Structure formats: C-alpha cells, structure tokens
>>> print(open('input24.cif').read())   # mmCIF, C-alpha atoms
data_start
loop_
_atom_site.label_atom_id
_atom_site.label_comp_id
_atom_site.auth_asym_id
_atom_site.auth_seq_id
_atom_site.Cartn_x
_atom_site.Cartn_y
_atom_site.Cartn_z
CA MET A 1 0.00 0.00 0.00
CA ASN A 2 1.20 3.47 -0.78
CA PRO A 3 2.30 5.16 2.49
CA SER A 4 0.35 8.28 1.59
CA SER A 5 -2.92 6.37 1.80
CA ARG A 6 -2.27 5.78 5.53
CA GLU A 7 -2.02 9.49 6.25
CA ASN A 8 -4.83 11.04 8.25
CA PRO A 9 -6.09 14.02 6.20
CA LEU A 10 -7.67 15.59 9.29
CA THR A 11 -4.48 17.08 10.68
CA ARG A 12 -4.24 20.29 12.65
CA THR A 13 -4.02 22.56 9.61
CA GLY A 14 -7.15 21.18 7.96
CA VAL A 15 -9.16 21.13 11.17
CA PHE A 16 -8.14 24.69 12.05
CA LEU A 17 -9.10 25.81 8.53
CA TRP A 18 -12.68 24.57 8.99
CA LEU A 19 -12.88 25.78 12.59
CA GLY A 20 -11.77 29.21 11.42
CA TYR A 21 -14.45 29.11 8.73
CA LEU A 22 -17.06 28.29 11.38
CA VAL A 23 -15.86 31.11 13.62
CA LEU A 24 -16.15 33.66 10.80
CA LEU A 25 -19.62 32.37 9.90
CA SER A 26 -20.65 32.58 13.55
CA LEU A 27 -19.59 36.22 13.76
CA VAL A 28 -21.59 37.06 10.64
CA ILE A 29 -24.61 35.15 11.92
CA ALA A 30 -24.47 36.76 15.35
CA HIS A 31 -24.57 40.15 13.65
CA ALA A 32 -27.58 39.34 11.42
CA PRO A 33 -29.17 35.95 12.25
CA GLU A 34 -32.34 36.81 10.35
CA HIS A 35 -30.57 36.84 6.95
CA ALA A 36 -31.05 33.12 6.38
CA VAL A 37 -33.53 30.55 5.11
CA THR A 38 -33.39 28.52 8.32
CA PRO A 39 -36.33 30.38 9.95
CA THR A 40 -38.44 28.62 7.29
CA TYR A 41 -37.11 25.26 8.51
CA ALA A 42 -37.74 26.19 12.14
CA GLU A 43 -41.30 27.32 11.40
CA ALA A 44 -41.97 24.08 9.49
CA SER A 45 -40.68 22.09 12.46
CA ARG A 46 -42.93 23.96 14.88
CA SER A 47 -45.87 23.56 12.50
CA TRP A 48 -45.30 19.83 12.31
CA TRP A 49 -45.51 19.33 16.07
CA ALA A 50 -48.55 21.64 16.24
CA HIS A 51 -50.15 19.63 13.39
CA ARG A 52 -50.43 22.67 11.14
CA ASN A 53 -49.91 22.64 7.37
CA LEU A 54 -46.25 22.88 6.31
CA TYR A 55 -46.83 24.02 2.74
CA ASN A 56 -48.02 27.20 1.05
CA LEU A 57 -49.62 26.04 -2.19
CA HIS A 58 -50.04 29.59 -3.48
CA SER A 59 -46.32 30.18 -4.09
CA VAL A 60 -43.37 28.39 -5.67
CA HIS A 61 -41.29 29.40 -2.64
CA GLY A 62 -41.43 28.50 1.04
CA PHE A 63 -40.94 25.05 2.57
CA LEU A 64 -40.26 22.68 -0.34
CA TYR A 65 -39.11 19.53 1.43
CA LEU A 66 -40.47 16.22 2.68
CA PRO A 67 -42.23 16.22 6.08
CA GLN A 68 -39.22 14.27 7.38
CA SER A 69 -37.13 17.41 6.89
CA ALA A 70 -39.27 19.30 9.42
CA ILE A 71 -38.80 16.43 11.88
CA LEU A 72 -35.03 16.34 11.27
CA TYR A 73 -34.72 20.04 12.08
CA THR A 74 -36.51 19.68 15.45
CA PRO A 75 -33.38 19.61 17.68
CA PHE A 76 -32.17 22.84 16.10
CA ALA A 77 -35.58 24.54 16.33
CA LEU A 78 -35.48 24.12 20.12
CA PHE A 79 -32.62 26.64 20.42
CA PRO A 80 -32.82 30.45 20.31
CA PRO A 81 -32.00 31.94 16.87
CA VAL A 82 -28.26 32.60 17.17
CA PRO A 83 -27.23 29.29 18.83
CA ARG A 84 -29.58 27.48 16.44
CA GLU A 85 -27.98 29.04 13.38
CA ILE A 86 -24.43 28.36 14.55
CA LEU A 87 -25.12 24.75 15.56
CA TRP A 88 -26.85 24.03 12.22
CA ARG A 89 -23.86 25.32 10.29
CA ALA A 90 -21.37 23.50 12.49
CA VAL A 91 -23.06 20.18 11.72
CA ASN A 92 -23.27 20.96 8.01
CA LEU A 93 -19.62 22.01 7.77
CA ALA A 94 -18.58 18.83 9.59
CA ILE A 95 -20.44 16.72 7.00
CA VAL A 96 -18.75 18.49 4.09
CA ALA A 97 -15.28 18.51 5.69
CA SER A 98 -15.46 14.79 6.49
CA ALA A 99 -16.50 14.07 2.89
CA LEU A 100 -13.55 16.05 1.53
CA ALA A 101 -11.24 14.18 3.91
CA ARG A 102 -12.42 10.93 2.36
CA LEU A 103 -11.85 12.30 -1.14
CA ALA A 104 -8.32 13.31 -0.14
CA ARG A 105 -7.43 9.66 0.50
CA PHE A 106 -7.75 9.02 -3.24
CA LEU A 107 -4.99 11.52 -3.98
CA PRO A 108 -1.24 11.55 -3.32
CA ARG A 109 -0.34 13.12 0.03
CA PRO A 110 -3.85 13.09 1.54
CA THR A 111 -2.99 15.65 4.24
CA ARG A 112 -2.00 18.33 1.75
CA SER A 113 -4.77 17.27 -0.63
CA PHE A 114 -7.42 17.77 2.05
CA VAL A 115 -6.27 21.33 2.65
CA LEU A 116 -6.22 22.06 -1.08
CA LEU A 117 -9.64 20.47 -1.61
CA SER A 118 -10.97 22.59 1.25
CA LEU A 119 -9.48 25.83 -0.08
CA LEU A 120 -10.91 25.16 -3.53
CA THR A 121 -14.36 24.14 -2.27
CA ILE A 122 -15.01 26.73 0.44
CA PRO A 123 -15.62 29.68 -1.96
CA ALA A 124 -18.50 27.79 -3.61
CA SER A 125 -19.96 27.08 -0.17
CA LEU A 126 -20.04 30.68 1.06
CA ALA A 127 -23.58 31.57 -0.03
CA SER A 128 -25.17 28.33 1.18
CA ALA A 129 -23.27 28.45 4.45
CA ARG A 130 -24.31 32.04 5.05
CA ASN A 131 -27.96 31.32 4.28
CA GLY A 132 -28.01 27.99 6.10
CA GLN A 133 -29.31 26.13 3.07
CA THR A 134 -29.37 22.36 2.82
CA ASN A 135 -27.17 22.40 -0.28
CA LEU A 136 -24.17 22.29 2.03
CA PRO A 137 -24.89 19.04 3.91
CA LEU A 138 -26.36 17.50 0.76
CA ALA A 139 -22.99 17.93 -0.97
CA GLY A 140 -21.36 15.89 1.79
CA ALA A 141 -24.15 13.32 1.96
CA MET A 142 -23.85 12.59 -1.76
CA ILE A 143 -20.11 11.93 -1.47
CA HIS A 144 -20.49 9.75 1.62
CA GLY A 145 -23.36 7.83 0.03
CA PHE A 146 -21.50 7.01 -3.17
CA LEU A 147 -18.32 6.08 -1.30
CA GLU A 148 -20.16 3.73 1.06
CA ALA A 149 -21.97 2.15 -1.88
CA SER A 150 -18.64 1.66 -3.64
CA ASN A 151 -17.25 -0.04 -0.53
CA THR A 152 -20.38 -2.31 -0.35
CA ARG A 153 -21.34 -0.86 3.03
CA VAL A 154 -24.98 -0.96 1.99
CA ASN A 155 -26.55 0.12 5.28
CA ARG A 156 -24.32 3.18 5.60
CA ALA A 157 -24.84 4.04 1.95
CA THR A 158 -28.60 3.78 2.41
CA ILE A 159 -28.54 6.10 5.42
CA TRP A 160 -26.57 8.77 3.55
CA LEU A 161 -28.66 8.54 0.40
CA LEU A 162 -31.92 8.73 2.34
CA LEU A 163 -30.56 11.61 4.39
CA GLY A 164 -29.93 13.36 1.09
CA LEU A 165 -33.61 12.94 0.20
CA VAL A 166 -34.56 14.49 3.52
CA TYR A 167 -32.26 17.43 2.86
CA LYS A 168 -33.66 17.99 -0.64
CA PRO A 169 -36.06 15.98 -2.83
CA VAL A 170 -33.80 16.57 -5.86
CA SER A 171 -31.43 14.11 -4.22
CA ILE A 172 -33.55 11.49 -5.95
CA VAL A 173 -30.92 11.75 -8.72
CA PRO A 174 -27.97 10.28 -6.73
CA TYR A 175 -30.42 7.94 -4.99
CA LEU A 176 -31.57 6.43 -8.30
CA LEU A 177 -28.08 6.46 -9.82
CA ALA A 178 -26.64 4.53 -6.90
CA GLY A 179 -29.57 2.10 -6.87
CA ALA A 180 -29.22 1.45 -10.58
CA LEU A 181 -25.46 0.90 -10.63
CA TYR A 182 -24.93 -0.89 -7.29
CA PRO A 183 -27.26 -3.95 -7.32
CA ARG A 184 -26.22 -5.00 -3.82
CA LEU A 185 -27.58 -1.72 -2.52
CA ARG A 186 -31.12 -2.13 -3.86
CA ARG A 187 -32.63 -4.30 -1.13
CA SER A 188 -31.34 -2.07 1.64
CA LEU A 189 -32.40 1.04 -0.27
CA ILE A 190 -35.96 -0.25 -0.76
CA LEU A 191 -36.36 -1.26 2.89
CA GLY A 192 -34.81 1.99 4.08
CA THR A 193 -37.12 4.01 1.85
CA LEU A 194 -40.19 2.24 3.23
CA LEU A 195 -39.04 2.96 6.78
CA LEU A 196 -38.36 6.59 5.90
CA LEU A 197 -41.82 7.01 4.39
CA ALA A 198 -43.40 5.39 7.47
CA LEU A 199 -41.45 7.58 9.91
CA PRO A 200 -43.86 10.57 10.02
CA TRP A 201 -46.70 8.32 11.23
CA LEU A 202 -44.70 7.80 14.44
CA PHE A 203 -44.87 11.53 15.14
CA GLY A 204 -48.31 12.64 13.99
CA PRO A 205 -51.95 11.61 13.49
CA ALA A 206 -52.53 9.42 10.44
CA GLY A 207 -54.88 11.87 8.73
CA PHE A 208 -52.52 14.79 9.24
CA VAL A 209 -49.53 12.84 7.90
CA PHE A 210 -51.43 11.68 4.83
CA ASP A 211 -52.57 15.24 4.16
CA GLN A 212 -49.00 16.56 4.45
CA TYR A 213 -47.76 13.98 1.94
CA GLN A 214 -50.46 15.09 -0.49
CA GLN A 215 -49.56 18.73 0.00
CA PHE A 216 -45.85 17.98 -0.40
CA TRP A 217 -46.51 16.38 -3.79
CA GLN A 218 -48.58 19.36 -4.91
CA LYS A 219 -45.85 21.72 -3.71
CA PHE A 220 -43.18 19.65 -5.44
CA LEU A 221 -45.01 19.89 -8.78
CA LEU A 222 -45.72 23.59 -8.29
CA SER A 223 -42.16 24.54 -7.32
CA GLY A 224 -40.75 22.62 -10.29
CA GLN A 225 -42.44 25.03 -12.69
CA PRO A 226 -41.08 28.48 -11.81
CA ASP A 227 -42.50 31.18 -14.02
CA GLU A 228 -39.54 33.54 -13.90
CA PRO A 229 -36.04 33.13 -15.47
CA SER A 230 -34.20 33.44 -12.17
CA PHE A 231 -32.51 30.06 -11.81
CA SER A 232 -28.99 29.01 -12.78
CA ASP A 233 -29.77 25.84 -14.69
CA LEU A 234 -29.60 25.11 -18.41
CA SER A 235 -32.64 27.31 -19.05
CA GLY A 236 -30.87 30.22 -17.31
CA LEU A 237 -27.91 29.78 -19.66
CA LEU A 238 -30.19 29.64 -22.70
CA HIS A 239 -32.10 32.71 -21.51
CA ALA A 240 -28.84 34.66 -21.17
CA LEU A 241 -27.97 33.62 -24.73
CA ARG A 242 -31.44 34.81 -25.82
CA ILE A 243 -32.41 31.30 -26.86
CA SER A 244 -36.03 30.62 -26.05
CA LEU A 245 -37.14 26.99 -25.95
CA PRO A 246 -40.65 25.75 -25.14
CA SER A 247 -41.02 24.06 -21.77
CA SER A 248 -41.69 20.78 -23.58
CA TRP A 249 -38.27 20.98 -25.23
CA LEU A 250 -36.56 21.66 -21.91
CA PHE A 251 -38.38 18.69 -20.42
CA ALA A 252 -37.17 16.57 -23.34
CA CYS A 253 -33.58 17.71 -22.67
CA ARG A 254 -33.88 16.64 -19.03
CA ALA A 255 -35.45 13.33 -20.03
CA LEU A 256 -32.73 12.53 -22.59
CA ALA A 257 -29.92 13.59 -20.24
CA ALA A 258 -31.06 11.13 -17.55
CA PRO A 259 -30.28 7.89 -19.45
CA LEU A 260 -27.13 9.50 -20.88
CA THR A 261 -25.93 10.23 -17.34
CA LEU A 262 -26.76 6.68 -16.30
CA LEU A 263 -24.86 5.25 -19.29
CA LEU A 264 -21.79 7.40 -18.64
CA GLY A 265 -21.86 6.47 -14.96
CA TRP A 266 -22.03 2.79 -15.92
CA ILE A 267 -19.03 3.19 -18.25
CA ALA A 268 -17.02 5.08 -15.64
CA LEU A 269 -17.81 2.56 -12.92
CA ARG A 270 -16.57 -0.34 -15.00
CA ARG A 271 -13.51 1.35 -16.41
CA ASP A 272 -12.41 2.84 -13.10
CA PRO A 273 -14.09 0.89 -10.25
CA THR A 274 -11.62 2.15 -7.65
CA ARG A 275 -12.74 5.74 -8.12
CA GLY A 276 -16.20 4.94 -9.47
CA ALA A 277 -17.94 6.73 -6.62
CA LEU A 278 -16.14 9.96 -7.50
CA TRP A 279 -17.23 9.78 -11.12
CA LEU A 280 -20.83 9.16 -10.06
CA ASP A 281 -20.80 12.09 -7.67
CA GLY A 282 -19.54 14.32 -10.47
CA PHE A 283 -22.14 13.12 -12.97
CA ALA A 284 -25.02 13.34 -10.47
CA ALA A 285 -24.06 16.84 -9.33
CA ALA A 286 -23.56 18.10 -12.90
CA TYR A 287 -26.94 16.69 -13.93
CA LEU A 288 -28.64 18.39 -10.98
CA MET A 289 -27.03 21.74 -11.72
CA LEU A 290 -28.00 21.67 -15.39
CA PHE A 291 -31.42 20.06 -15.34
CA ASN A 292 -33.03 20.89 -12.00
CA PRO A 293 -35.33 23.83 -12.89
CA ARG A 294 -34.74 25.35 -9.44
CA THR A 295 -30.95 25.36 -9.44
CA GLU A 296 -29.81 28.49 -7.61
CA ALA A 297 -26.43 30.20 -7.83
CA ASN A 298 -25.57 28.90 -4.37
CA SER A 299 -26.46 25.31 -5.33
CA TYR A 300 -23.09 24.83 -7.00
CA ILE A 301 -21.48 23.70 -3.77
CA LEU A 302 -22.89 20.32 -4.86
CA LEU A 303 -20.53 20.27 -7.86
CA ALA A 304 -17.46 22.02 -6.44
CA PRO A 305 -16.01 18.98 -4.56
CA ALA A 306 -16.04 16.94 -7.79
CA THR A 307 -14.30 19.59 -9.90
CA ALA A 308 -11.81 20.21 -7.10
CA PHE A 309 -11.02 16.50 -6.88
CA PHE A 310 -10.51 16.10 -10.63
CA ALA A 311 -8.35 19.23 -10.63
CA LEU A 312 -5.99 17.78 -8.03
CA TRP A 313 -6.04 14.38 -9.70
CA SER A 314 -5.03 16.00 -13.00
CA LEU A 315 -2.31 17.91 -11.18
CA SER A 316 -0.96 14.68 -9.70
CA LEU A 317 -0.69 13.31 -13.26
CA GLY A 318 1.27 16.32 -14.43
CA GLN A 319 -1.66 17.64 -16.51
CA ARG A 320 -1.22 21.22 -15.40
CA ALA A 321 -3.39 22.86 -18.04
CA SER A 322 -6.38 20.63 -17.22
CA ALA A 323 -5.78 21.14 -13.52
CA ALA A 324 -5.70 24.92 -13.89
CA VAL A 325 -8.94 24.94 -15.89
CA LEU A 326 -10.70 22.69 -13.36
CA MET A 327 -9.47 24.82 -10.47
CA GLY A 328 -10.82 27.86 -12.26
CA MET A 329 -14.17 26.10 -12.67
CA THR A 330 -14.27 25.24 -8.98
CA LEU A 331 -13.60 28.82 -7.95
CA GLY A 332 -16.06 30.01 -10.60
CA PHE A 333 -18.84 28.09 -8.85
CA GLY A 334 -18.50 30.58 -6.00
CA SER A 335 -19.11 33.59 -8.26
CA SER A 336 -22.40 34.36 -6.48
CA SER A 337 -20.33 35.45 -3.47
CA TYR A 338 -17.85 37.66 -5.34
CA GLY A 339 -19.64 40.99 -5.08
CA PRO A 340 -20.20 42.71 -8.45
CA ILE A 341 -18.99 39.59 -10.28
CA HIS A 342 -22.29 37.95 -9.37
CA GLY A 343 -24.20 40.58 -11.32
CA TRP A 344 -22.06 40.03 -14.41
CA THR A 345 -22.22 36.23 -14.28
CA ASN A 346 -25.67 35.59 -12.84
CA LEU A 347 -27.74 32.78 -14.43
CA TRP A 348 -25.34 31.86 -17.25
CA PHE A 349 -21.76 31.49 -16.00
CA GLN A 350 -22.14 28.66 -13.52
CA PRO A 351 -24.33 26.45 -15.77
CA LEU A 352 -21.84 27.04 -18.58
CA LEU A 353 -19.06 25.74 -16.33
CA ALA A 354 -21.25 22.79 -15.32
CA LEU A 355 -21.91 21.96 -18.97
CA LEU A 356 -18.20 22.06 -19.75
CA PHE A 357 -17.43 19.84 -16.76
CA PHE A 358 -20.11 17.35 -17.79
CA GLY A 359 -18.45 17.18 -21.21
CA TYR A 360 -15.04 16.78 -19.58
CA LEU A 361 -16.29 13.87 -17.45
CA ALA A 362 -17.92 12.23 -20.47
CA PHE A 363 -14.68 12.47 -22.46
CA ARG A 364 -12.55 11.21 -19.59
CA CYS A 365 -14.72 8.24 -18.72
CA ILE A 366 -14.66 7.11 -22.36
CA ARG A 367 -10.94 7.80 -22.58
CA PRO A 368 -9.77 6.95 -19.05
CA MET A 369 -7.13 8.95 -17.20
CA PRO A 370 -3.95 7.02 -16.34
CA ALA A 371 -3.14 6.12 -12.77
CA ALA A 372 -0.92 8.53 -10.86
CA ASP A 373 1.40 5.62 -10.15
CA PRO A 374 1.22 2.85 -12.79
CA LYS A 375 2.75 0.38 -10.29
CA ALA A 376 0.32 1.22 -7.51
CA ALA A 377 -2.37 -1.28 -6.58
CA PRO A 378 -5.95 -0.12 -6.25
CA SER A 379 -5.50 -0.09 -2.46
CA SER A 380 -3.12 2.83 -2.93
CA PHE A 381 -6.16 5.05 -3.33
CA GLY A 382 -7.63 4.25 0.05
CA ILE A 383 -9.98 1.36 -0.77
CA ARG A 384 -9.18 -2.11 0.46
CA ARG A 385 -9.26 -4.86 -2.12
CA ASP A 386 -11.94 -6.76 -0.21
CA GLU A 387 -14.11 -3.60 -0.29
CA GLU A 388 -14.00 -3.02 -4.02
CA SER A 389 -17.24 -3.69 -5.83
CA VAL A 390 -18.45 -2.71 -9.22
CA GLY A 391 -21.96 -3.99 -8.48
#
>>> encode(input="input24.cif", output="structure tokens")
Amino acid sequence: MNPSSRENPLTRTGVFLWLGYLVLLSLVIAHAPEHAVTPTYAEASRSWWAHRNLYNLHSVHGFLYLPQSAILYTPFALFPPVPREILWRAVNLAIVASALARLARFLPRPTRSFVLLSLLTIPASLASARNGQTNLPLAGAMIHGFLEASNTRVNRATIWLLLGLVYKPVSIVPYLLAGALYPRLRRSLILGTLLLLALPWLFGPAGFVFDQYQQFWQKFLLSGQPDEPSFSDLSGLLHALRISLPSSWLFACRALAAPLTLLLGWIALRRDPTRGALWLDGFAAAYLMLFNPRTEANSYILLAPATAFFALWSLSLGQRASAAVLMGMTLGFGSSSYGPIHGWTNLWFQPLLALLFFGYLAFRCIRPMPAADPKAAPSSFGIRRDEESVG
C-alpha cells in the first residue's frame, strides 16, 4: 500500500481551517441571524408538532421539502436563533469537511490534498453556508453515500442517500443512480425508503400525515415550474444567450440527459471501479445543476467537490493545463459570493461551467485517465481490495 494512503487528512491545519471558517460564519450570523432561510425550517418544524400545514400552495417558494425534513430540524428549532444558526452550520460544515477528507485519501499526500480540496471548495460554499441552506450538507451526503456504496457498506450508503432525500427531494438523482449501478444496494435502499416514508406516522396523526404527503406532492409539482427566469440551470444559460425553448423541449432535454448520465456512470464505474464513486458524484451533481429547474447560484457547492477533486487528480498526473482549468471552474462556482462579479455572471456562467465539466467527465470516462502511479495497486487510493465492488 502506498504510504500516503495511511495518512490522516484531518491534521491540525485542515481542522483549524474549517474551525476558522465556522468562527467567521458565527460572527456574521451573530450580527444578522435573520438573513437566512433557516427560519423557514424552524417554522416548518414547529408547525409539524402543532399539526399545522407545512406548505403554502399559493407560491413556488417556502418550505419545499419532505415532512421528514421538518422532523429532522426539530433539535435545532429548540434553540434560540443565534445558537440554532451556529449549531446548524457547524453540523453541516462537519459533513462536508469529512467528505472532503475521504476524497483526499484518493490523492497523493492526503494531508495536503485535504487542505487544497478545502481551499478550492469553500468559496463555492459561502452563499449556502451564510444562508443555512441544505445544499451544504447534501454535498457531503452525496459523497459519503456514493463512497459507502462503492465499498459495499450498503446500510451506511442507504442512510446517507436517504438523508440526502430528507435534505432535498432533488437528491432522488444520486439515490436512483446509486440504486441502478450498485445492485447489492437495492434491497437495503428499498427497505430503508419504506421505513423513511413510514417515519412521520410515528410523530403525527394518520390523517394529518397523509394530508402533508399530499400537500408535499402538490408543492413539489408547483415549485418545479417556476414562471420567472431566475434560476442558474440550463434554461438560465439559454435565456442569457437569448435562446427561447418551449417548456416541452426543456423537459425533453432533461429526459434525454437522464439515461445518458446513467450510461456514462455505468461506463465510468466499469472502467475505473476504484474511483467509481467519484465519477458518479460528479455526474449526479452536474446533472442536478444543469437540469433541475430550481438550481440556484448557491447550489453549486454540490458540484465544487467533484471539480476540485478532478483538478488535483489531473495535477498529480502532471496535466497542469487541465488542472488549472478545473481549479478555475471550482472557484467560478463561487461567483455568487464575489460581489459585483455575481451581477455580471448571474444565471449563465455557472451552468456554462457545469456543462463544460459534464463534457469533460464524459470524455474522460470514455478515454480513461492514467493512474498517478502505474505500479500502484488499487488499495493505494484508500480502498481495500476486499471492499471493491463494481456492483
């Protein structure tokens, strides 16, 4: 085994980097705790326990998540605003940092790689971290879920993938991708899903729970049809280019991209099983950014870990030009936090980068990248031989 794979990425420098990030966020939050979306989560949690409706069916905004999300947020809703906001972000940052630490084990010198992955990823996380949005923990949950599935730890993979669904319903994309490409995961995923769907009946009257599920579905359909060009998905890019497509055409693009993503993920998983989870995370995140009609500028934290990883992987192979471009993409995903740059790049720049990265992944999975060390065994990248599984 390569000695670097035995390094612990979570050394003092990396931990202090994330602790410093949390401290800065805490100072900002203490100054203006109301500038966040988390009051919506807290109100939904209180409404759940009071058996009041969670959803406003007269708007595409508001609480957009499964009833389980309101239940999940309950421990945080018990705190006063400032401690609640800080604790929520501390948990979310821990999920992302731990995911990046696992990614670092696939790269030479994991300790240094974790710091570099963190420095590249944090700019794209600024807006979601400030607002307290669930994009941040979802980014970590996706990585953990795919890695556990790749290591055939089906119960852990199921927990992470289902947690992703609780964070955001759009996490159905990595959920389905993992279920399709890891057959051993399917039984656990089906049983876990049934338990997750049954969970609300443990905490509310049957009629109320059934009604909330109905209202969630109506809200889900309503929120998926925004009537203003204010989202940073493929339609935002086309709008900026003054290309107007009927909604039926956009739906067709999403429908065609789904099996294409599945096919590319299948190819990548079989050509590079050791790092298959990383390819799948990249494909799933790129698909979500381009084809979710509610992709916001601060959603791109979902894609930044993948571009950061492939940037450092390219750098380890001596492909400096590719690495520089991918690093630029990763930093570009944080453009919504760069002051006036956001105004210049809003709606079109981030989806353009996502489209380019999707093309890059497609090209690379068809024409695989060489190993950093041709003599290294697969275990050199942090996965034991007895854990490898293509599915």
>>> residues_around(input="input24.cif", residues="range 14-30 of chain A", least_positions_apart="5", cutoff="7 Å", atoms="only C-alpha atoms", output="list in words")
Val82, Ile86, Ala90, Phe114, Val115 and Arg130 of chain A
>>> resolve_selection(input="input24.cif", expression="the PyMOL selection byres ((chain A and resi 297) around 10)", output="number ranges by chain")
A: 124, 127-128, 230-233, 289, 294-296, 298-301, 333-337, 342, 345-351
>>> resolve_selection(input="input24.cif", expression="the PyMOL selection byres ((chain A and resi 184-193) around 12)", output="CSV table (one decimal) with C-alpha atoms, in the coordinates of the input")
chain,number,residue,atom,x,y,z
A,68,GLN,CA,-39.2,14.3,7.4
A,145,GLY,CA,-23.4,7.8,0.0
A,146,PHE,CA,-21.5,7.0,-3.2
A,148,GLU,CA,-20.2,3.7,1.1
A,149,ALA,CA,-22.0,2.2,-1.9
A,150,SER,CA,-18.6,1.7,-3.6
A,151,ASN,CA,-17.2,0.0,-0.5
A,152,THR,CA,-20.4,-2.3,-0.4
A,153,ARG,CA,-21.3,-0.9,3.0
A,154,VAL,CA,-25.0,-1.0,2.0
A,155,ASN,CA,-26.6,0.1,5.3
A,156,ARG,CA,-24.3,3.2,5.6
A,157,ALA,CA,-24.8,4.0,2.0
A,158,THR,CA,-28.6,3.8,2.4
A,159,ILE,CA,-28.5,6.1,5.4
A,160,TRP,CA,-26.6,8.8,3.6
A,161,LEU,CA,-28.7,8.5,0.4
A,162,LEU,CA,-31.9,8.7,2.3
A,163,LEU,CA,-30.6,11.6,4.4
A,164,GLY,CA,-29.9,13.4,1.1
A,165,LEU,CA,-33.6,12.9,0.2
A,166,VAL,CA,-34.6,14.5,3.5
A,172,ILE,CA,-33.6,11.5,-6.0
A,175,TYR,CA,-30.4,7.9,-5.0
A,176,LEU,CA,-31.6,6.4,-8.3
A,177,LEU,CA,-28.1,6.5,-9.8
A,178,ALA,CA,-26.6,4.5,-6.9
A,179,GLY,CA,-29.6,2.1,-6.9
A,180,ALA,CA,-29.2,1.4,-10.6
A,181,LEU,CA,-25.5,0.9,-10.6
A,182,TYR,CA,-24.9,-0.9,-7.3
A,183,PRO,CA,-27.3,-4.0,-7.3
A,194,LEU,CA,-40.2,2.2,3.2
A,195,LEU,CA,-39.0,3.0,6.8
A,196,LEU,CA,-38.4,6.6,5.9
A,197,LEU,CA,-41.8,7.0,4.4
A,198,ALA,CA,-43.4,5.4,7.5
A,199,LEU,CA,-41.4,7.6,9.9
A,389,SER,CA,-17.2,-3.7,-5.8
A,390,VAL,CA,-18.4,-2.7,-9.2
A,391,GLY,CA,-22.0,-4.0,-8.5
>>> resolve_selection(input="input24.cif", expression="the PyMOL selection byres ((chain A and resi 55-59) around 7)", output="list in words")
Asn53, Leu54, Val60, His61, Gly62, Phe63, Gln215, Phe216 and Lys219 of chain A
>>> atom_distance(input="input24.cif", atom1="CA of Leu10 in chain A", atom2="CA of His144 in chain A")
16.0 Å
>>> residues_around(input="input24.cif", residues="Ala44 in chain A", least_positions_apart="6", cutoff="12 Å", atoms="only C-alpha atoms", output="NGL selection string")
:A and (37-38 or 50-56 or 62-74 or 76-77 or 212)
>>> atom_distance(input="input24.cif", atom1="CA of Glu85 in chain A", atom2="CA of Pro123 in chain A")
19.7 Å
>>> closest_residue(input="input24.cif", among="A:Gly282, A:Gly343, A:Pro33, A:Gly332", to="Pro174 in chain A", atoms="only C-alpha atoms")
A:Gly282
>>> atom_distance(input="input24.cif", atom1="CA of Asp272 in chain A", atom2="CA of Leu107 in chain A")
14.6 Å
>>> residues_near_point(input="input24.cif", point="(-6.2, 26.7, -1.0)", cutoff="12 Å", atoms="all atoms listed in the file", output="list in words")
Thr13, Gly14, Leu17, Arg112, Ser113, Phe114, Val115, Leu116, Leu117, Ser118, Leu119, Leu120, Thr121, Ile122, Pro123, Ala308, Leu312, Met327, Thr330 and Leu331 of chain A
>>> build_atoms(input="input24.cif", residues="range 109-124 of chain A", atoms="N, CA and C atoms", output="compact mmCIF listing (two decimals), keeping the file's coordinate frame")
# COMPACT_ATOMS: atom_id res chain seq x y z
N ARG A 109 -0.52 12.23 -1.13
CA ARG A 109 -0.34 13.12 0.03
C ARG A 109 -1.70 13.63 0.52
N PRO A 110 -2.50 12.74 1.12
CA PRO A 110 -3.85 13.09 1.54
C PRO A 110 -3.94 14.31 2.45
N THR A 111 -2.94 14.51 3.32
CA THR A 111 -2.99 15.65 4.24
C THR A 111 -3.01 16.96 3.47
N ARG A 112 -2.06 17.12 2.56
CA ARG A 112 -2.00 18.33 1.75
C ARG A 112 -3.21 18.42 0.83
N SER A 113 -3.63 17.27 0.29
CA SER A 113 -4.77 17.27 -0.63
C SER A 113 -6.05 17.72 0.06
N PHE A 114 -6.23 17.34 1.33
CA PHE A 114 -7.42 17.77 2.05
C PHE A 114 -7.45 19.29 2.21
N VAL A 115 -6.33 19.88 2.52
CA VAL A 115 -6.27 21.33 2.65
C VAL A 115 -6.57 22.00 1.32
N LEU A 116 -5.98 21.47 0.24
CA LEU A 116 -6.22 22.06 -1.08
C LEU A 116 -7.68 21.88 -1.53
N LEU A 117 -8.24 20.69 -1.28
CA LEU A 117 -9.64 20.47 -1.61
C LEU A 117 -10.53 21.45 -0.85
N SER A 118 -10.19 21.68 0.41
CA SER A 118 -10.97 22.59 1.25
C SER A 118 -10.88 24.02 0.72
N LEU A 119 -9.66 24.46 0.40
CA LEU A 119 -9.48 25.83 -0.08
C LEU A 119 -10.19 26.05 -1.42
N LEU A 120 -10.22 25.03 -2.25
CA LEU A 120 -10.91 25.16 -3.53
C LEU A 120 -12.43 25.13 -3.37
N THR A 121 -12.92 24.36 -2.42
CA THR A 121 -14.36 24.14 -2.27
C THR A 121 -15.05 25.24 -1.47
N ILE A 122 -14.38 25.77 -0.47
CA ILE A 122 -15.01 26.73 0.44
C ILE A 122 -15.63 27.92 -0.29
N PRO A 123 -14.97 28.53 -1.29
CA PRO A 123 -15.62 29.68 -1.96
C PRO A 123 -17.00 29.36 -2.53
N ALA A 124 -17.19 28.16 -3.06
CA ALA A 124 -18.50 27.79 -3.61
C ALA A 124 -19.52 27.54 -2.51
